[in-house]
Structure formats: C-alpha cells, structure tokens
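Dumped structure-v4.txt below, it's compact mmCIF, C-alpha atoms:
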# COMPACT_ATOMS: atom_id res chain seq x y z
CA MET B 19 101.55 147.53 -82.69
CA SER B 20 98.76 149.82 -81.50
CA LYS B 21 98.27 150.90 -77.96
CA GLU B 22 94.98 148.97 -77.76
CA ALA B 23 96.59 145.81 -79.05
CA ASN B 24 99.39 146.22 -76.58
CA GLU B 25 96.97 146.62 -73.73
CA ASN B 26 95.02 143.55 -74.82
CA GLY B 27 98.17 141.54 -74.99
CA GLY B 28 99.23 142.67 -71.54
CA GLY B 29 95.85 141.65 -70.08
CA ARG B 30 96.05 138.18 -71.56
CA ALA B 31 99.55 137.78 -70.13
CA LEU B 32 98.28 138.77 -66.67
CA ASP B 33 95.42 136.29 -66.91
CA ILE B 34 97.86 133.53 -67.78
CA VAL B 35 100.11 134.37 -64.83
CA LEU B 36 97.17 134.42 -62.41
CA SER B 37 95.93 131.08 -63.74
CA ILE B 38 99.35 129.52 -63.24
CA LEU B 39 99.49 130.79 -59.67
CA LEU B 40 96.01 129.43 -58.91
CA ILE B 41 96.85 125.99 -60.28
CA ALA B 42 100.03 125.91 -58.22
CA ALA B 43 98.12 126.81 -55.04
CA VAL B 44 95.53 124.08 -55.60
CA GLY B 45 98.28 121.57 -56.30
CA ALA B 46 100.07 122.46 -53.10
CA GLY B 47 96.83 122.06 -51.13
CA CYS B 48 96.17 118.68 -52.66
CA PHE B 49 99.71 117.61 -51.86
CA TYR B 50 99.19 118.69 -48.21
CA VAL B 51 95.94 116.78 -47.97
CA GLY B 52 97.47 113.76 -49.61
CA THR B 53 100.40 113.69 -47.23
CA ARG B 54 98.03 113.95 -44.26
CA GLY B 55 96.25 110.80 -45.42
CA VAL B 56 92.74 112.29 -45.39
CA LYS B 57 90.29 111.07 -47.97
CA ILE B 58 87.94 113.82 -49.07
CA ASP B 59 84.40 112.99 -50.13
CA GLN B 60 83.15 115.84 -52.30
CA THR B 61 79.48 115.07 -51.62
CA THR B 62 79.40 114.70 -47.82
CA THR B 63 80.32 116.96 -44.94
CA TYR B 64 82.15 115.10 -42.12
CA THR B 65 82.59 116.10 -38.51
CA SER B 66 84.87 114.36 -36.03
CA PRO B 67 82.84 113.49 -32.91
CA ASP B 68 84.54 114.07 -29.60
CA ALA B 69 85.56 110.92 -27.76
CA GLU B 70 82.89 109.88 -25.21
CA GLU B 71 82.92 107.37 -22.37
CA PRO B 72 80.44 104.49 -22.64
CA PRO B 73 77.06 105.61 -21.26
CA THR B 74 75.85 104.24 -17.92
CA GLU B 75 73.58 101.27 -18.51
CA THR B 76 69.94 102.13 -18.05
CA GLU B 77 66.71 100.21 -17.84
CA PRO B 78 64.01 101.23 -20.36
CA GLU B 79 62.62 103.86 -17.96
CA GLY B 80 66.04 105.47 -17.65
CA LEU B 81 66.91 104.38 -14.10
CA PRO B 82 70.65 103.97 -13.48
CA TYR B 83 71.99 100.45 -13.02
CA ASP B 84 75.32 99.12 -11.87
CA SER B 85 76.89 95.81 -12.87
CA VAL B 86 78.08 93.21 -10.40
CA GLU B 87 80.03 90.10 -11.28
CA VAL B 88 78.29 86.91 -10.14
CA PRO B 89 79.97 83.49 -10.47
CA ASN B 90 77.82 81.22 -12.59
CA THR B 91 78.08 78.55 -9.91
CA GLN B 92 75.62 80.68 -7.94
CA MET B 93 72.93 79.83 -10.49
CA ASN B 94 72.34 76.76 -8.34
CA SER B 95 71.98 78.45 -4.96
CA GLY B 96 69.68 80.97 -3.32
CA SER B 97 66.16 81.04 -1.91
CA LEU B 98 64.48 80.78 -5.34
CA ILE B 99 66.27 77.76 -6.78
CA LEU B 100 63.85 75.35 -8.42
CA VAL B 101 64.41 71.70 -7.54
CA ASN B 102 61.92 69.12 -8.82
CA ASN B 103 61.82 66.01 -10.98
CA ASN B 104 63.29 67.99 -13.88
CA PHE B 105 65.97 70.00 -12.11
CA ALA B 106 68.41 68.25 -9.79
CA CYS B 107 69.70 69.82 -6.61
CA GLN B 108 73.29 70.97 -7.07
CA THR B 109 73.93 72.64 -3.73
CA GLY B 110 76.07 71.35 -0.90
CA GLU B 111 75.71 71.77 2.83
CA GLU B 112 76.90 75.39 2.92
CA GLY B 113 74.80 77.70 5.08
CA LEU B 114 73.00 74.96 7.02
CA VAL B 115 72.37 75.42 10.74
CA SER B 116 70.76 73.29 13.43
CA LEU B 117 67.22 74.61 13.81
CA TYR B 118 67.08 73.69 17.49
CA ASN B 119 70.51 75.12 18.35
CA HIS B 120 69.77 78.27 16.34
CA LYS B 121 66.64 79.10 18.30
CA MET B 122 68.35 78.35 21.61
CA GLU B 123 71.24 80.66 20.71
CA GLN B 124 68.82 83.44 19.84
CA LEU B 125 66.93 83.02 23.11
CA GLU B 126 70.16 83.06 25.06
CA SER B 127 71.32 86.23 23.32
CA MET B 128 68.07 87.92 24.41
CA GLY B 129 68.28 86.61 27.96
CA GLN B 130 65.06 84.60 27.60
CA ASP B 131 64.08 81.20 28.86
CA ASP B 132 62.89 78.40 26.60
CA PRO B 133 59.09 78.47 26.49
CA LYS B 134 57.73 75.51 24.53
CA SER B 135 56.06 77.22 21.60
CA PHE B 136 56.96 74.40 19.17
CA SER B 137 59.30 71.43 19.04
CA VAL B 138 62.07 70.17 16.80
CA ARG B 139 62.74 66.49 16.14
CA ASP B 140 66.33 66.76 17.36
CA SER B 141 69.36 68.99 17.18
CA ASP B 142 70.54 67.28 13.98
CA LEU B 143 67.68 68.77 11.94
CA LEU B 144 69.31 71.31 9.60
CA VAL B 145 67.94 74.17 7.48
CA GLN B 146 69.38 77.23 5.75
CA GLU B 147 69.94 80.04 8.25
CA PRO B 148 67.47 82.60 6.77
CA PHE B 149 64.84 79.86 6.81
CA ALA B 150 65.63 79.09 10.44
CA ASP B 151 64.99 82.72 11.39
CA ALA B 152 61.72 82.81 9.45
CA LEU B 153 60.46 79.48 10.74
CA ILE B 154 61.24 80.30 14.37
CA ASN B 155 59.39 83.61 14.11
CA MET B 156 56.39 82.05 12.40
CA LEU B 157 55.90 79.13 14.78
CA ASN B 158 56.46 81.31 17.82
CA ASP B 159 53.82 83.75 16.57
CA PHE B 160 51.49 80.84 15.84
CA ASN B 161 51.83 79.72 19.45
CA THR B 162 51.13 83.25 20.70
CA ALA B 163 48.03 83.54 18.48
CA THR B 164 46.52 80.12 19.22
CA GLY B 165 48.09 78.87 22.44
CA ASP B 166 48.91 75.59 20.68
CA ASP B 167 52.35 74.07 21.25
CA ASN B 168 51.74 70.75 19.53
CA VAL B 169 53.62 71.46 16.28
CA ILE B 170 56.89 69.67 15.70
CA VAL B 171 59.32 70.12 12.83
CA VAL B 172 60.14 66.57 11.83
CA SER B 173 62.20 66.95 8.66
CA GLY B 174 64.52 69.53 7.16
CA TYR B 175 67.68 69.00 5.12
CA ARG B 176 68.13 65.49 3.74
CA SER B 177 71.17 64.02 2.12
CA GLN B 178 70.79 62.28 -1.22
CA GLU B 179 71.49 58.97 0.51
CA LEU B 180 68.58 59.43 2.93
CA GLN B 181 66.32 60.49 0.07
CA GLN B 182 67.25 57.29 -1.78
CA GLN B 183 66.25 55.24 1.26
CA LEU B 184 62.86 56.98 1.55
CA TYR B 185 62.26 56.62 -2.18
CA ASP B 186 63.00 52.89 -2.16
CA GLU B 187 60.74 52.38 0.85
CA ASP B 188 57.86 54.14 -0.89
CA LEU B 189 58.26 52.03 -4.04
CA ALA B 190 58.25 48.88 -1.93
CA ALA B 191 55.07 50.00 -0.15
CA THR B 192 53.14 50.94 -3.30
CA GLY B 193 54.48 48.36 -5.74
CA LEU B 194 54.94 51.09 -8.35
CA ASP B 195 58.06 51.88 -10.34
CA TYR B 196 57.76 55.60 -9.53
CA SER B 197 56.64 57.65 -6.54
CA GLU B 198 54.09 60.44 -6.33
CA ARG B 199 54.94 61.14 -2.70
CA VAL B 200 58.71 61.05 -2.53
CA ALA B 201 60.94 63.05 -4.84
CA LYS B 202 63.62 61.23 -6.80
CA PRO B 203 67.00 61.03 -5.05
CA GLY B 204 69.00 64.08 -6.05
CA PHE B 205 65.82 65.90 -7.06
CA SER B 206 64.34 66.52 -3.61
CA GLU B 207 63.73 70.02 -2.34
CA HIS B 208 64.74 68.80 1.11
CA GLN B 209 68.30 68.55 -0.18
CA THR B 210 68.37 72.36 -0.51
CA GLY B 211 67.75 72.97 3.20
CA LEU B 212 64.91 75.30 2.19
CA GLY B 213 62.03 72.93 2.95
CA VAL B 214 60.60 71.39 6.12
CA ASP B 215 57.81 69.01 7.09
CA LEU B 216 55.56 69.68 10.07
CA ASP B 217 53.75 67.13 12.19
CA LEU B 218 51.79 66.96 15.46
CA TYR B 219 52.32 65.06 18.68
CA GLY B 220 49.89 62.25 19.35
CA ASP B 221 47.83 60.35 16.83
CA ALA B 222 46.77 63.35 14.74
CA GLU B 223 48.59 64.22 11.53
CA TYR B 224 49.33 67.74 10.44
CA ASP B 225 46.84 68.67 7.71
CA GLY B 226 46.74 72.46 7.89
CA THR B 227 43.11 72.57 9.03
CA GLY B 228 41.48 73.95 12.16
CA ILE B 229 43.73 76.20 14.20
CA TYR B 230 46.64 75.14 11.98
CA SER B 231 45.10 77.02 9.06
CA TRP B 232 46.69 80.06 10.75
CA ILE B 233 50.03 78.90 9.36
CA ASP B 234 48.81 78.79 5.75
CA GLU B 235 47.11 82.16 6.15
CA HIS B 236 50.18 83.89 7.60
CA CYS B 237 53.23 82.02 6.28
CA ALA B 238 53.82 84.54 3.47
CA GLU B 239 54.46 87.20 6.11
CA TYR B 240 57.62 85.27 6.96
CA GLY B 241 58.72 84.50 3.39
CA ILE B 242 57.35 80.95 3.50
CA VAL B 243 54.93 79.17 1.15
CA LEU B 244 53.05 75.89 1.11
CA ARG B 245 55.17 74.14 -1.49
CA TYR B 246 52.77 71.45 -2.75
CA PRO B 247 49.22 72.83 -2.54
CA ASP B 248 46.10 71.04 -3.62
CA GLY B 249 45.31 71.29 -7.34
CA LYS B 250 48.91 71.83 -8.50
CA GLN B 251 50.05 68.21 -8.83
CA ASP B 252 50.26 68.43 -12.63
CA ILE B 253 52.83 71.21 -12.22
CA THR B 254 54.83 70.03 -9.21
CA ASP B 255 54.61 66.24 -9.87
CA ILE B 256 54.01 65.86 -6.12
CA LYS B 257 50.65 65.16 -4.51
CA TYR B 258 49.09 67.62 -2.09
CA GLU B 259 51.31 67.88 1.00
CA PRO B 260 49.73 70.18 3.60
CA TRP B 261 52.76 69.69 5.87
CA HIS B 262 55.58 70.72 3.49
CA TYR B 263 56.69 74.36 3.64
CA ARG B 264 59.34 76.14 1.61
CA TYR B 265 61.28 79.35 2.17
CA VAL B 266 61.42 81.78 -0.79
CA GLY B 267 61.64 85.26 0.81
CA LYS B 268 58.95 87.73 1.87
CA PRO B 269 58.07 89.58 -1.35
CA HIS B 270 58.17 86.44 -3.48
CA ALA B 271 55.98 84.58 -0.99
CA ALA B 272 53.50 87.46 -0.93
CA TYR B 273 53.22 87.53 -4.73
CA MET B 274 52.96 83.74 -5.02
CA LYS B 275 50.20 83.58 -2.42
CA GLN B 276 48.30 86.54 -3.88
CA ASN B 277 48.35 84.96 -7.35
CA ASN B 278 48.07 81.28 -6.35
CA LEU B 279 51.40 80.36 -7.93
CA VAL B 280 53.75 77.53 -7.07
CA LEU B 281 57.48 78.01 -7.49
CA GLU B 282 57.55 76.44 -10.96
CA GLU B 283 54.98 78.98 -12.17
CA TYR B 284 56.66 81.93 -10.48
CA VAL B 285 60.11 81.25 -11.92
CA GLN B 286 58.63 80.69 -15.39
CA LEU B 287 56.65 83.95 -15.13
CA LEU B 288 59.79 85.94 -14.35
CA GLN B 289 61.84 84.29 -17.08
CA GLU B 290 59.23 84.84 -19.77
CA SER B 291 57.56 88.12 -18.78
CA TYR B 292 59.99 90.11 -16.64
CA PRO B 293 63.53 89.98 -18.06
CA PHE B 294 65.96 92.77 -17.21
CA ASP B 295 65.65 94.37 -20.66
CA GLY B 296 61.84 94.40 -20.46
CA GLU B 297 59.17 95.30 -17.96
CA HIS B 298 60.04 94.68 -14.30
CA LEU B 299 57.67 93.24 -11.73
CA MET B 300 56.48 95.55 -8.95
CA VAL B 301 54.94 93.95 -5.89
CA SER B 302 54.48 94.73 -2.23
CA ASP B 303 55.18 92.36 0.60
CA THR B 304 52.74 91.85 3.46
CA ASP B 305 54.20 94.92 5.21
CA GLY B 306 53.44 97.12 2.20
CA LYS B 307 57.10 97.56 1.16
CA LEU B 308 57.61 97.86 -2.57
CA TYR B 309 60.17 95.75 -4.38
CA GLU B 310 61.47 95.36 -7.92
CA VAL B 311 62.16 91.94 -9.39
CA TYR B 312 63.38 90.72 -12.74
CA TYR B 313 65.14 87.79 -14.38
CA TYR B 314 68.71 87.98 -15.67
CA PRO B 315 69.99 85.10 -17.85
CA ALA B 316 73.41 83.72 -17.05
CA ASP B 317 76.20 84.12 -19.57
CA GLU B 318 76.97 80.43 -19.67
CA GLY B 319 79.86 80.93 -22.07
CA PHE B 320 81.91 82.35 -19.22
CA GLU B 321 82.67 81.58 -15.58
CA SER B 322 80.65 84.55 -14.36
CA THR B 323 77.88 86.91 -15.42
CA MET B 324 77.79 90.70 -15.13
CA VAL B 325 74.34 91.17 -13.60
CA SER B 326 72.70 94.60 -13.70
CA VAL B 327 71.33 95.84 -10.37
CA PRO B 328 69.62 99.13 -9.42
CA ALA B 329 72.25 101.67 -8.39
CA GLY B 330 72.12 102.62 -4.73
CA ALA B 331 69.41 100.11 -3.80
CA ALA B 332 69.57 97.18 -1.41
CA TYR B 333 69.18 94.00 -3.42
CA THR B 334 69.64 90.25 -3.40
CA ILE B 335 70.45 87.88 -6.23
CA SER B 336 69.21 84.29 -6.23
CA GLY B 337 69.97 81.62 -8.74
CA THR B 338 67.05 79.76 -10.29
CA ASN B 339 68.81 76.43 -10.96
CA THR B 340 67.40 76.76 -14.48
CA GLY B 341 70.04 78.94 -16.17
CA GLY B 342 69.81 82.40 -14.68
CA PHE B 343 69.34 84.74 -11.74
CA ILE B 344 66.48 86.62 -10.12
CA VAL B 345 67.28 90.09 -8.82
CA ALA B 346 65.13 91.50 -6.03
CA ALA B 347 65.64 95.14 -5.02
CA ASP B 348 64.08 97.16 -2.22
CA THR B 349 62.80 100.43 -3.68
CA GLY B 350 62.60 102.08 -0.28
CA ASN B 351 58.95 102.95 -0.95
CA ILE B 352 55.68 101.94 0.63
CA ALA B 353 52.61 101.00 -1.39
CA HIS B 354 49.85 103.61 -1.36
CA GLU B 355 46.64 102.67 0.40
CA ASP B 356 44.67 103.13 -2.82
CA ALA B 357 47.12 101.06 -4.86
CA PRO B 358 46.00 97.69 -6.28
CA ALA B 359 46.47 94.68 -4.04
CA GLN B 360 49.92 93.18 -4.28
CA GLY B 361 50.40 91.26 -7.48
CA ASP B 362 46.95 92.08 -8.90
CA ILE B 363 48.44 94.21 -11.66
CA PRO B 364 52.08 93.35 -12.29
CA ALA B 365 53.98 96.54 -12.97
CA GLU B 366 57.57 97.31 -13.68
CA GLY B 367 60.00 97.78 -10.94
CA ASP B 368 59.84 96.25 -7.45
CA ILE B 369 60.32 93.31 -5.12
CA PRO B 370 62.13 92.35 -1.91
CA ALA B 371 65.21 90.54 -1.07
CA GLU B 372 65.09 86.93 -0.17
CA GLY B 373 66.27 86.29 3.33
CA ASP B 374 64.62 89.49 4.54
CA VAL B 375 63.50 88.04 7.85
CA PRO B 376 64.35 89.76 11.14
CA ALA B 377 66.50 87.66 13.41
CA GLU B 378 65.52 89.56 16.53
CA GLY B 379 62.41 89.05 18.63
CA VAL B 380 62.47 85.29 18.17
CA ASP B 381 60.89 83.22 20.88
CA PRO B 382 61.39 79.62 19.79
CA ALA B 383 61.26 76.57 21.96
CA ALA B 384 61.57 72.86 21.62
CA PRO B 385 63.49 70.68 24.04
CA ALA B 386 65.50 68.32 21.92
CA GLU B 387 65.09 65.56 24.47
CA GLU B 388 61.32 65.30 24.01
CA ALA B 389 59.98 62.35 22.11
CA ALA B 390 59.08 63.13 18.52
CA PRO B 391 57.44 61.30 15.64
CA GLU B 392 59.80 59.49 13.32
CA ASP B 393 60.98 61.35 10.28
CA GLY B 394 58.54 59.74 7.92
CA ALA B 395 57.48 62.87 6.11
CA VAL B 396 58.02 62.86 2.39
CA GLY B 397 58.49 65.22 -0.47

Render the structure in this file as structure tokens.
Amino acid sequence: MSKEANENGGGRALDIVLSILLIAAVGAGCFYVGTRGVKIDQTTTYTSPDAEEPPTETEPEGLPYDSVEVPNTQMNSGSLILVNNNFACQTGEEGLVSLYNHKMEQLESMGQDDPKSFSVRDSDLLVQEPFADALINMLNDFNTATGDDNVIVVSGYRSQELQQQLYDEDLAATGLDYSERVAKPGFSEHQTGLGVDLDLYGDAEYDGTGIYSWIDEHCAEYGIVLRYPDGKQDITDIKYEPWHYRYVGKPHAAYMKQNNLVLEEYVQLLQESYPFDGEHLMVSDTDGKLYEVYYYPADEGFESTMVSVPAGAAYTISGTNTGGFIVAADTGNIAHEDAPAQGDIPAEGDIPAEGDVPAEGVDPAAPAEEAAPEDGAVG
C-alpha cells in the first residue's frame, strides 16, 4: 500500500472515530434532557418568568385600591337604601335614637339651655342617629335665620304595623284599592328611620312655601333632600309631599339637588353609569369638598363581598337595597373656584361619606310636653 493510500485510510478512520464520539455526546445530552422531564420545542425559545405576587388592584386611572370584606346583609342598610313600592324595607330598629332625647343630650353636653327653635311630637319619635344630628342642625339654623319656631317634627320611624294601620285608613277614606299617599306596609321609607314629616302648630299645614322655603333651599347642606318633590310622581309612585324629608348624606344630597334627581334616579344613575370598573362620579358638596362615588355590585353567591375602596382615603359604604353598594370617598381636595358647578359635568372620582354631619354646635329645642298635631302625616 502506498503512503498516500495509507494516509487517506488513516484520515477516514479518524473521521469515523470523531463521528462516533459526537453521536455519543448528543445521545448523552438527550438522555439528560429526557430524565429531567423537559420537553424541547425546536421552533420556539422559552424563558421561565420569575414568580410575581398578584398586582395591587387599580382603578382605570391607576389609583391604588384596597379591598374590604362587607357582609351582604349590609346591602339593605345605609343612608342610600332605596325603599319604595318595588323594594321592601329589610332593616330593623338598629341605630335608632329618640330625636327629642338626642337633642337634649347634645345641649346638656354643651352646657346650654333648651331654647325652643323647633318641636318634636314626643320623645318616642325615633330616627337614625346621623339623621338626628343633621335634622337638629338644620332646624336650629332655620330658627336662627327666620326667627320662626313653629315647626314640629310629627313623624319619624314607623313600624310595619303602624304603616298597615295608616294604609288601611287611607283606603277607607278614598274608597280605592290602592293608595297614592301612603306607602304599602313594609315598603314605607319611614320604616328605615331615614325619613321624617314636618308640620306646623295651629291651623296651617306645612307646605314648604314662604319662610319655610328656606328649608328646601338649604336642606342639602345637611345631607337632607325633599323625598317626594312635585313632578316626580311617575318615578316615586307617591304624590307631591312638601313635608317629607329624607337623609342621604351631604355629597349625595348636593348632587341630587343640583341635578333635580330623586333617590330612584340617583341610585339608577350610579348603577348604570358609574360602576367601580368604569368612570367614577366626582362631585362637590355644598362646602366645596370633593368626593368620589361609584357603585359596586354585591357578590350574591357568597355571604360577603370584597368591595374595592380608595387606599388611604376616608370612605363610607352604603347598601342600595337593590343588589349592591355605593362607595363614597373623601378625596381630601377642595373644588377650584373656576370648576363647573357641582354635578354639572359628572367626572370620575369623588363624593362624600354619608353621615358626614357634625354633631357639635347643635342648638335644638322642643319640650316634649307641648301639645302637637297628631301623627297623621303620610308617605
């Protein structure tokens, strides 16, 4: 064999050895991969993302929100619950106070006497405590502004049994099989403790005119609204009642008054146009404070709902009695002087907390022993 042939043969032998070694290395690598249980996709590059904690929940604008657990039973309580001929009252007597005793206790705590700025039917007339504070402040300020002390609160909380009696009496008087003046038993706003009827001493009836128009003009400053205004009967199913007032909270009252809304319209507006995962409503109360408000549906498949609330902000949560909650948060800001009037242009983000009525500075008065008109007010 020639030297050249020998060299060629040696080269081929080397190539064969190298090929065998390469195949063995690939086989070992495949065995390693196989034993590690990793499936290799030859067409895609994979990376293993680092483990991350769930992100903090944010509203569309990126503001941080916390979650609070709210029992679903609270859907039926709070200053914004809707009670009418379609939604029955489901609250009990929790939170009720004697309006007369409450004002007397406040006067005593301030070392004041009992000037007669307004009267209360008797010490058994009950309302929710935040409403008592608001009502006392409003009627005392009315007396200061006008000098009139003729107003008397004749009706507050009513039991379902009393409402049944009033309803039956109205049917007997009208001869009808339904009432346009008295809510159905179990469906009366008076059963919530968030509504009252006003009257006057003497032969006159309270109609909200004359000097008493001051109350309609200023009630929103105290978180109170005229519940059954003229022209809204088709919505409320109750005729115009100039004497029936309802507590909803300062920012809500301001927005409702500014936009001529009754409670049915306001709750519907929030449910349909201002849900948590959409635009939020920004309004200012009569003091210019900015608040954020939005609707949060209840998770009715469970006993409670995790409601999102602005982190670090003071807030309140009220049920609607219609399947959800309304969150109202104080932004801590004041509306600019050149900003649109409250409620003119709904914007995302702000509203106050129901029950935001100062308890101090109250100057109520109404000797319980004075004669008072009978509790014939309706609604």

What is the distance between atom CA of Leu153 of chain B and atom CA of Ala238 of chain B, in Å to one decimal?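 Calculated distance between atom CA of Leu153 of chain B and atom CA of Ala238 of chain B is 11.1 Å.
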
So, counting only C-alpha atoms, which residue among B:His262, B:Lys202, B:His120, B:Lys257 is closest to Tyr224 of chain B?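 Looking only at the distances to Tyr224 of chain B, the closest residue turns out to be B:His262.
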
How close does each residue of segment 186-251 of chain B get to segment 92-114 of chain B, giving the shortest atom pair and distance in Å to one decimal for every residue with an atom at most 9 Å away, counting only C-alpha atoms, sorted by chain and residue number, as a Markdown table?
| residue | atom | partner | partner_atom | distance |
| --- | --- | --- | --- | --- |
| B:Ala201 | CA | B:Asn103 | CA | 6.9 |
| B:Lys202 | CA | B:Asn103 | CA | 6.6 |
| B:Pro203 | CA | B:Ala106 | CA | 8.8 |
| B:Gly204 | CA | B:Ala106 | CA | 5.6 |
| B:Phe205 | CA | B:Ala106 | CA | 4.4 |
| B:Ser206 | CA | B:Asn102 | CA | 6.3 |
| B:Glu207 | CA | B:Val101 | CA | 5.5 |
| B:Gln209 | CA | B:Cys107 | CA | 6.7 |
| B:Thr210 | CA | B:Thr109 | CA | 6.4 |
| B:Gly211 | CA | B:Leu114 | CA | 6.8 |
| B:Leu212 | CA | B:Ser97 | CA | 7.2 |

Deliver the residues from the most recent selection as a file, using C-alpha atoms, as a PDB file, in the coordinates of the input.
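The resulting result-v4.pdb:
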ATOM      1  CA  ALA B 201      60.940  63.050  -4.840  1.00  0.00           C
ATOM      2  CA  LYS B 202      63.620  61.230  -6.800  1.00  0.00           C
ATOM      3  CA  PRO B 203      67.000  61.030  -5.050  1.00  0.00           C
ATOM      4  CA  GLY B 204      69.000  64.080  -6.050  1.00  0.00           C
ATOM      5  CA  PHE B 205      65.820  65.900  -7.060  1.00  0.00           C
ATOM      6  CA  SER B 206      64.340  66.520  -3.610  1.00  0.00           C
ATOM      7  CA  GLU B 207      63.730  70.020  -2.340  1.00  0.00           C
ATOM      8  CA  GLN B 209      68.300  68.550  -0.180  1.00  0.00           C
ATOM      9  CA  THR B 210      68.370  72.360  -0.510  1.00  0.00           C
ATOM     10  CA  GLY B 211      67.750  72.970   3.200  1.00  0.00           C
ATOM     11  CA  LEU B 212      64.910  75.300   2.190  1.00  0.00           C
TER      12      LEU B 212
END

Can you work out which one of B:Trp261, B:Tyr118, B:Tyr313, B:Tyr83 has the shortest atom-to-atom distance to Ala331 of chain B, counting only C-alpha atoms? B:Tyr83

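One distance worth recording is that between atom CA of Leu189 of chain B and atom CA of Ser141 of chain B, which is 29.3 Å.
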
Record the distance separating atom CA of Leu216 of chain B and atom CA of Val169 of chain B, expressed in Å with one decimal.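 Pair atom CA of Leu216 of chain B / atom CA of Val169 of chain B returns 6.7 Å.
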
Spatial neighbours of Ala347 of chain B, max dist 12 Å, all atoms listed in the file, sep filter under 2 positions, as a ChimeraX atom specification: /B:83,269-270,298-302,307-313,326-336,344-345,349-351,367-372,374

Selection: 10 Å around Leu279 of chain B, all atoms listed in the file, excl. self and same-chain fewer than 4 positions, as a ChimeraX atom specification: /B:243,245,247,250,271,273-275,283-285,287

Across B:Val172, B:Met128, B:Ala353, B:Val115, the smallest distance to Ala150 of chain B, with all atoms listed in the file counted, is shown by B:Val115

Mind checking which residues fall within 10 Å of Asp188 of chain B, counting only C-alpha atoms, ignoring those fewer than 3 positions away in the same chain, and posting them as a list in words?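 Those residues are Gln182, Gln183, Leu184, Tyr185, Ala191, Thr192, Gly193, Leu194, Asp195, Tyr196, Ser197, Glu198, Arg199, Val200 and Val396 of chain B.
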
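Distances from B:Pro315, B:Gly213, B:Gly228, B:Gly249 to Leu288 of chain B were compared using all atoms listed in the file, and the smallest one belongs to B:Pro315.
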
Using all atoms listed in the file, which of B:Gln124, B:Asn168, B:Thr304, B:Ser177 sits nearest His236 of chain B? B:Thr304

Between B:Asn339, B:Ser173, B:Asn155, B:Thr162, which one has atoms that come closest to Asp140 of chain B, using all atoms listed in the file?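 Smallest separation from Asp140 of chain B among the options: B:Ser173.
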
Please identify all polymer residues within 12 Å of Asp225 of chain B, counting only C-alpha atoms, omitting same-chain residues fewer than 4 positions from it, and present them as a PDB file with C-alpha atoms, in the coordinates of the input.
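The resulting out-v3.pdb:
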ATOM      1  CA  VAL B 169      53.620  71.460  16.280  1.00  0.00           C
ATOM      2  CA  ASP B 215      57.810  69.010   7.090  1.00  0.00           C
ATOM      3  CA  LEU B 216      55.560  69.680  10.070  1.00  0.00           C
ATOM      4  CA  ASP B 217      53.750  67.130  12.190  1.00  0.00           C
ATOM      5  CA  LEU B 218      51.790  66.960  15.460  1.00  0.00           C
ATOM      6  CA  ILE B 229      43.730  76.200  14.200  1.00  0.00           C
ATOM      7  CA  TYR B 230      46.640  75.140  11.980  1.00  0.00           C
ATOM      8  CA  SER B 231      45.100  77.020   9.060  1.00  0.00           C
ATOM      9  CA  TRP B 232      46.690  80.060  10.750  1.00  0.00           C
ATOM     10  CA  ILE B 233      50.030  78.900   9.360  1.00  0.00           C
ATOM     11  CA  ASP B 234      48.810  78.790   5.750  1.00  0.00           C
ATOM     12  CA  LEU B 244      53.050  75.890   1.110  1.00  0.00           C
ATOM     13  CA  PRO B 247      49.220  72.830  -2.540  1.00  0.00           C
ATOM     14  CA  ASP B 248      46.100  71.040  -3.620  1.00  0.00           C
ATOM     15  CA  TYR B 258      49.090  67.620  -2.090  1.00  0.00           C
ATOM     16  CA  GLU B 259      51.310  67.880   1.000  1.00  0.00           C
ATOM     17  CA  PRO B 260      49.730  70.180   3.600  1.00  0.00           C
ATOM     18  CA  TRP B 261      52.760  69.690   5.870  1.00  0.00           C
ATOM     19  CA  HIS B 262      55.580  70.720   3.490  1.00  0.00           C
TER      20      HIS B 262
END
